[in-house]
Amino acid sequence: MERIYHTWDQWECYPAGLYELHPPAEGMTAEECRDAYAEFLRDPDRFRAGLEGVLADWPNSTEHYLTNERMNRIAWLGQAAMCHQTRVRRAFRSGFTQLTSSEQGAANLLALEYLNRFLVGRGEAALTMDEAQSKTAADLY
């Protein structure tokens with residue numbers, strides 16, 4: 001797959017606050033953000049809406065990150081969907097660890113579905129979960 005680069009100033013996720021280190025302005029605590037993160041991922045309808053929003057509203061960020069085989073695209077989609085829907089930043093992604101292994105698996109499969117929508121829409125083959133995991137330099141070269 002051809003890697004597409006966009007500079008950080010073209011990423012829609014940046015002004016949306018994805019990389020901020022503090023809770024959103026709504027006055028949430030860090031613990032509340034982590035709890036909200038877990039609840040968001042447990043709700044497939046909300047998570048799906050966030051994933052759809054990322055693919056529709058953040059085209060530069062999506063291209064930049066989802067064409068990078070060397071990163072965890074499944075995790076990025078979860079973090080981006082959370083921020084898109086709730087403004088809770090990736091700094092609170094440890095909320096994922098509050099999920100049971102079954103809930104984590106379900107969330108990962110939903111993110112994989114949207115990764116594959118993106119890839120197939122670009123004429124690429126759909127991936128299995130193993131194939132979607134980030135590749136190391138040894139895998140790539």
# chains A, B, ... in the order shown; residues from 1 in each chain; ligands from 1
$ closest_atom_pairs --of "region 18-65 of chain A" --to "region 95-98 of chain A" --cutoff "6 Å" --atoms "only C-alpha atoms" --output "JSON lines"
{"residue": "A:Arg34", "atom": "CA", "partner": "A:Gly95", "partner_atom": "CA", "distance": 4.2}
{"residue": "A:Asp35", "atom": "CA", "partner": "A:Gly95", "partner_atom": "CA", "distance": 5.8}
{"residue": "A:Tyr37", "atom": "CA", "partner": "A:Gly95", "partner_atom": "CA", "distance": 5.1}
{"residue": "A:Ala38", "atom": "CA", "partner": "A:Gly95", "partner_atom": "CA", "distance": 4.8}
$ write_last_selection --atoms "N, CA and C atoms" --output "mmCIF file, in the first residue's frame"
data_model
loop_
_atom_site.group_PDB
_atom_site.id
_atom_site.type_symbol
_atom_site.label_atom_id
_atom_site.label_comp_id
_atom_site.auth_asym_id
_atom_site.auth_seq_id
_atom_site.Cartn_x
_atom_site.Cartn_y
_atom_site.Cartn_z
ATOM 1 N N ARG A 34 -11.162 8.348 31.679
ATOM 2 C CA ARG A 34 -10.868 6.932 31.450
ATOM 3 C C ARG A 34 -12.142 6.097 31.529
ATOM 4 N N ASP A 35 -13.008 6.405 32.499
ATOM 5 C CA ASP A 35 -14.279 5.685 32.616
ATOM 6 C C ASP A 35 -15.162 5.936 31.393
ATOM 7 N N TYR A 37 -14.140 6.654 28.432
ATOM 8 C CA TYR A 37 -13.506 5.945 27.326
ATOM 9 C C TYR A 37 -13.982 4.498 27.298
ATOM 10 N N ALA A 38 -13.969 3.852 28.465
ATOM 11 C CA ALA A 38 -14.417 2.462 28.546
ATOM 12 C C ALA A 38 -15.892 2.347 28.178
#
$ residues_around --residues "region 111-119 of chain A" --least-positions-apart "3" --cutoff "8 Å" --atoms "only C-alpha atoms" --output "compact mmCIF listing (two decimals) with C-alpha atoms, in the first residue's frame"
# COMPACT_ATOMS: atom_id res chain seq x y z
CA LEU A 51 -15.83 5.65 13.55
CA GLU A 52 -18.15 6.86 10.82
CA LEU A 55 -13.86 8.51 8.20
CA LEU A 66 -4.50 4.38 8.14
CA ARG A 73 -4.33 1.45 13.17
CA ILE A 74 -6.96 -0.34 15.26
CA ALA A 75 -5.93 1.63 18.35
CA LEU A 77 -9.32 4.39 15.14
CA GLY A 78 -10.59 3.82 18.69
CA ALA A 107 -14.22 -3.11 20.09
CA ASN A 108 -11.18 -4.19 18.10
CA ARG A 122 -9.09 2.72 -1.77
CA GLY A 123 -8.88 -0.51 -3.77
CA GLU A 124 -6.82 -2.36 -1.17
CA ALA A 125 -7.54 -5.83 0.17
CA ALA A 126 -9.38 -6.25 3.46
CA LEU A 127 -7.20 -7.37 6.36
CA THR A 128 -7.57 -9.93 9.11
CA MET A 129 -6.91 -8.79 12.67
CA ALA A 132 -3.95 -5.22 10.70
$ select_by_dssp --residues "region 16-141 of chain A" --states "helix (DSSP H, G or I)" --output "JSON, numbers by chain"
{"A": [30, 31, 32, 33, 34, 35, 36, 37, 38, 39, 40, 41, 42, 44, 45, 46, 47, 48, 49, 50, 51, 52, 53, 54, 55, 56, 57, 59, 60, 61, 62, 63, 64, 65, 66, 73, 74, 75, 76, 77, 78, 79, 80, 81, 82, 83, 84, 85, 86, 90, 91, 92, 93, 94, 95, 96, 97, 98, 101, 102, 103, 104, 105, 106, 107, 108, 109, 110, 111, 112, 113, 114, 115, 116, 117, 118, 119, 120, 121, 129, 130, 131, 132, 137, 138, 139, 140]}
$ closest_residue --among "A:Phe92, A:Trp11, A:Glu2, A:His64" --to "Glu32 (chain A)" --atoms "only C-alpha atoms"
A:Phe92
$ closest_residue --among "A:Ala91, A:Leu41, A:Met82, A:Ala56" --to "Ala106 (chain A)" --atoms "only C-alpha atoms"
A:Leu41
$ closest_residue --among "A:Cys33, A:Val120, A:Leu110, A:Leu18" --to "Ser94 (chain A)" --atoms "only C-alpha atoms"
A:Cys33
$ closest_residue --among "A:Pro59, A:Pro44, A:Arg90, A:Met71" --to "His22 (chain A)" --atoms "only C-alpha atoms"
A:Arg90
$ closest_residue --among "A:Val88, A:Thr7, A:Ser102, A:Asp130" --to "Met28 (chain A)" --atoms "only C-alpha atoms"
A:Val88
$ atom_distance --atom1 "CA of Thr29 (chain A)" --atom2 "CA of Trp76 (chain A)"
22.4 Å
$ closest_residue --among "A:Glu103, A:Glu131, A:Glu69, A:Glu63" --to "Tyr5 (chain A)" --atoms "only C-alpha atoms"
A:Glu63
$ residues_around --residues "Ala81 (chain A)" --least-positions-apart "4" --cutoff "8 Å" --atoms "only C-alpha atoms" --output "number ranges by chain"
A: 47, 49-51, 53-54, 77, 85
$ write_last_selection --atoms "all heavy atoms" --output "PDB file, in the first residue's frame"
ATOM      1  N   PHE A  47     -19.762   3.868  19.419  1.00  0.00           N
ATOM      2  CA  PHE A  47     -18.448   3.662  18.828  1.00  0.00           C
ATOM      3  C   PHE A  47     -18.545   3.695  17.300  1.00  0.00           C
ATOM      4  O   PHE A  47     -17.747   4.330  16.624  1.00  0.00           O
ATOM      5  CB  PHE A  47     -17.849   2.345  19.334  1.00  0.00           C
ATOM      6  CG  PHE A  47     -16.417   2.098  18.956  1.00  0.00           C
ATOM      7  CD1 PHE A  47     -15.555   3.117  18.579  1.00  0.00           C
ATOM      8  CD2 PHE A  47     -15.911   0.813  18.999  1.00  0.00           C
ATOM      9  CE1 PHE A  47     -14.231   2.866  18.244  1.00  0.00           C
ATOM     10  CE2 PHE A  47     -14.590   0.546  18.665  1.00  0.00           C
ATOM     11  CZ  PHE A  47     -13.759   1.569  18.280  1.00  0.00           C
ATOM     12  N   ALA A  49     -20.770   5.244  15.491  1.00  0.00           N
ATOM     13  CA  ALA A  49     -21.007   6.634  15.079  1.00  0.00           C
ATOM     14  C   ALA A  49     -19.700   7.422  15.082  1.00  0.00           C
ATOM     15  O   ALA A  49     -19.447   8.233  14.185  1.00  0.00           O
ATOM     16  CB  ALA A  49     -22.037   7.299  15.997  1.00  0.00           C
ATOM     17  N   GLY A  50     -18.859   7.185  16.067  1.00  0.00           N
ATOM     18  CA  GLY A  50     -17.564   7.858  16.113  1.00  0.00           C
ATOM     19  C   GLY A  50     -16.659   7.436  14.967  1.00  0.00           C
ATOM     20  O   GLY A  50     -15.993   8.268  14.349  1.00  0.00           O
ATOM     21  N   LEU A  51     -16.646   6.147  14.665  1.00  0.00           N
ATOM     22  CA  LEU A  51     -15.830   5.652  13.554  1.00  0.00           C
ATOM     23  C   LEU A  51     -16.312   6.233  12.225  1.00  0.00           C
ATOM     24  O   LEU A  51     -15.507   6.649  11.398  1.00  0.00           O
ATOM     25  CB  LEU A  51     -15.867   4.120  13.516  1.00  0.00           C
ATOM     26  CG  LEU A  51     -15.136   3.428  14.670  1.00  0.00           C
ATOM     27  CD1 LEU A  51     -15.570   1.973  14.779  1.00  0.00           C
ATOM     28  CD2 LEU A  51     -13.627   3.542  14.494  1.00  0.00           C
ATOM     29  N   GLY A  53     -17.859   9.035  11.840  1.00  0.00           N
ATOM     30  CA  GLY A  53     -17.502  10.447  11.858  1.00  0.00           C
ATOM     31  C   GLY A  53     -16.053  10.688  11.497  1.00  0.00           C
ATOM     32  O   GLY A  53     -15.726  11.615  10.750  1.00  0.00           O
ATOM     33  N   VAL A  54     -15.160   9.851  12.013  1.00  0.00           N
ATOM     34  CA  VAL A  54     -13.739   9.993  11.701  1.00  0.00           C
ATOM     35  C   VAL A  54     -13.510   9.812  10.200  1.00  0.00           C
ATOM     36  O   VAL A  54     -12.837  10.621   9.563  1.00  0.00           O
ATOM     37  CB  VAL A  54     -12.885   8.990  12.514  1.00  0.00           C
ATOM     38  CG1 VAL A  54     -11.472   8.883  11.980  1.00  0.00           C
ATOM     39  CG2 VAL A  54     -12.873   9.393  13.983  1.00  0.00           C
ATOM     40  N   LEU A  77      -7.899   4.212  15.448  1.00  0.00           N
ATOM     41  CA  LEU A  77      -9.322   4.394  15.139  1.00  0.00           C
ATOM     42  C   LEU A  77     -10.149   4.518  16.421  1.00  0.00           C
ATOM     43  O   LEU A  77     -11.054   5.352  16.494  1.00  0.00           O
ATOM     44  CB  LEU A  77      -9.833   3.243  14.274  1.00  0.00           C
ATOM     45  CG  LEU A  77      -9.539   3.382  12.799  1.00  0.00           C
ATOM     46  CD1 LEU A  77      -9.764   2.055  12.078  1.00  0.00           C
ATOM     47  CD2 LEU A  77     -10.394   4.486  12.180  1.00  0.00           C
ATOM     48  N   GLN A  85     -16.265  11.944  18.909  1.00  0.00           N
ATOM     49  CA  GLN A  85     -17.609  11.931  19.489  1.00  0.00           C
ATOM     50  C   GLN A  85     -17.713  12.666  20.817  1.00  0.00           C
ATOM     51  O   GLN A  85     -18.750  13.235  21.122  1.00  0.00           O
ATOM     52  CB  GLN A  85     -18.093  10.488  19.695  1.00  0.00           C
ATOM     53  CG  GLN A  85     -18.483   9.779  18.437  1.00  0.00           C
ATOM     54  CD  GLN A  85     -19.638  10.440  17.723  1.00  0.00           C
ATOM     55  OE1 GLN A  85     -19.451  11.050  16.681  1.00  0.00           O
ATOM     56  NE2 GLN A  85     -20.820  10.331  18.255  1.00  0.00           N
TER      57      GLN A  85
END
$ atom_distance --atom1 "CA of Ala36 (chain A)" --atom2 "CA of Thr67 (chain A)"
28.4 Å
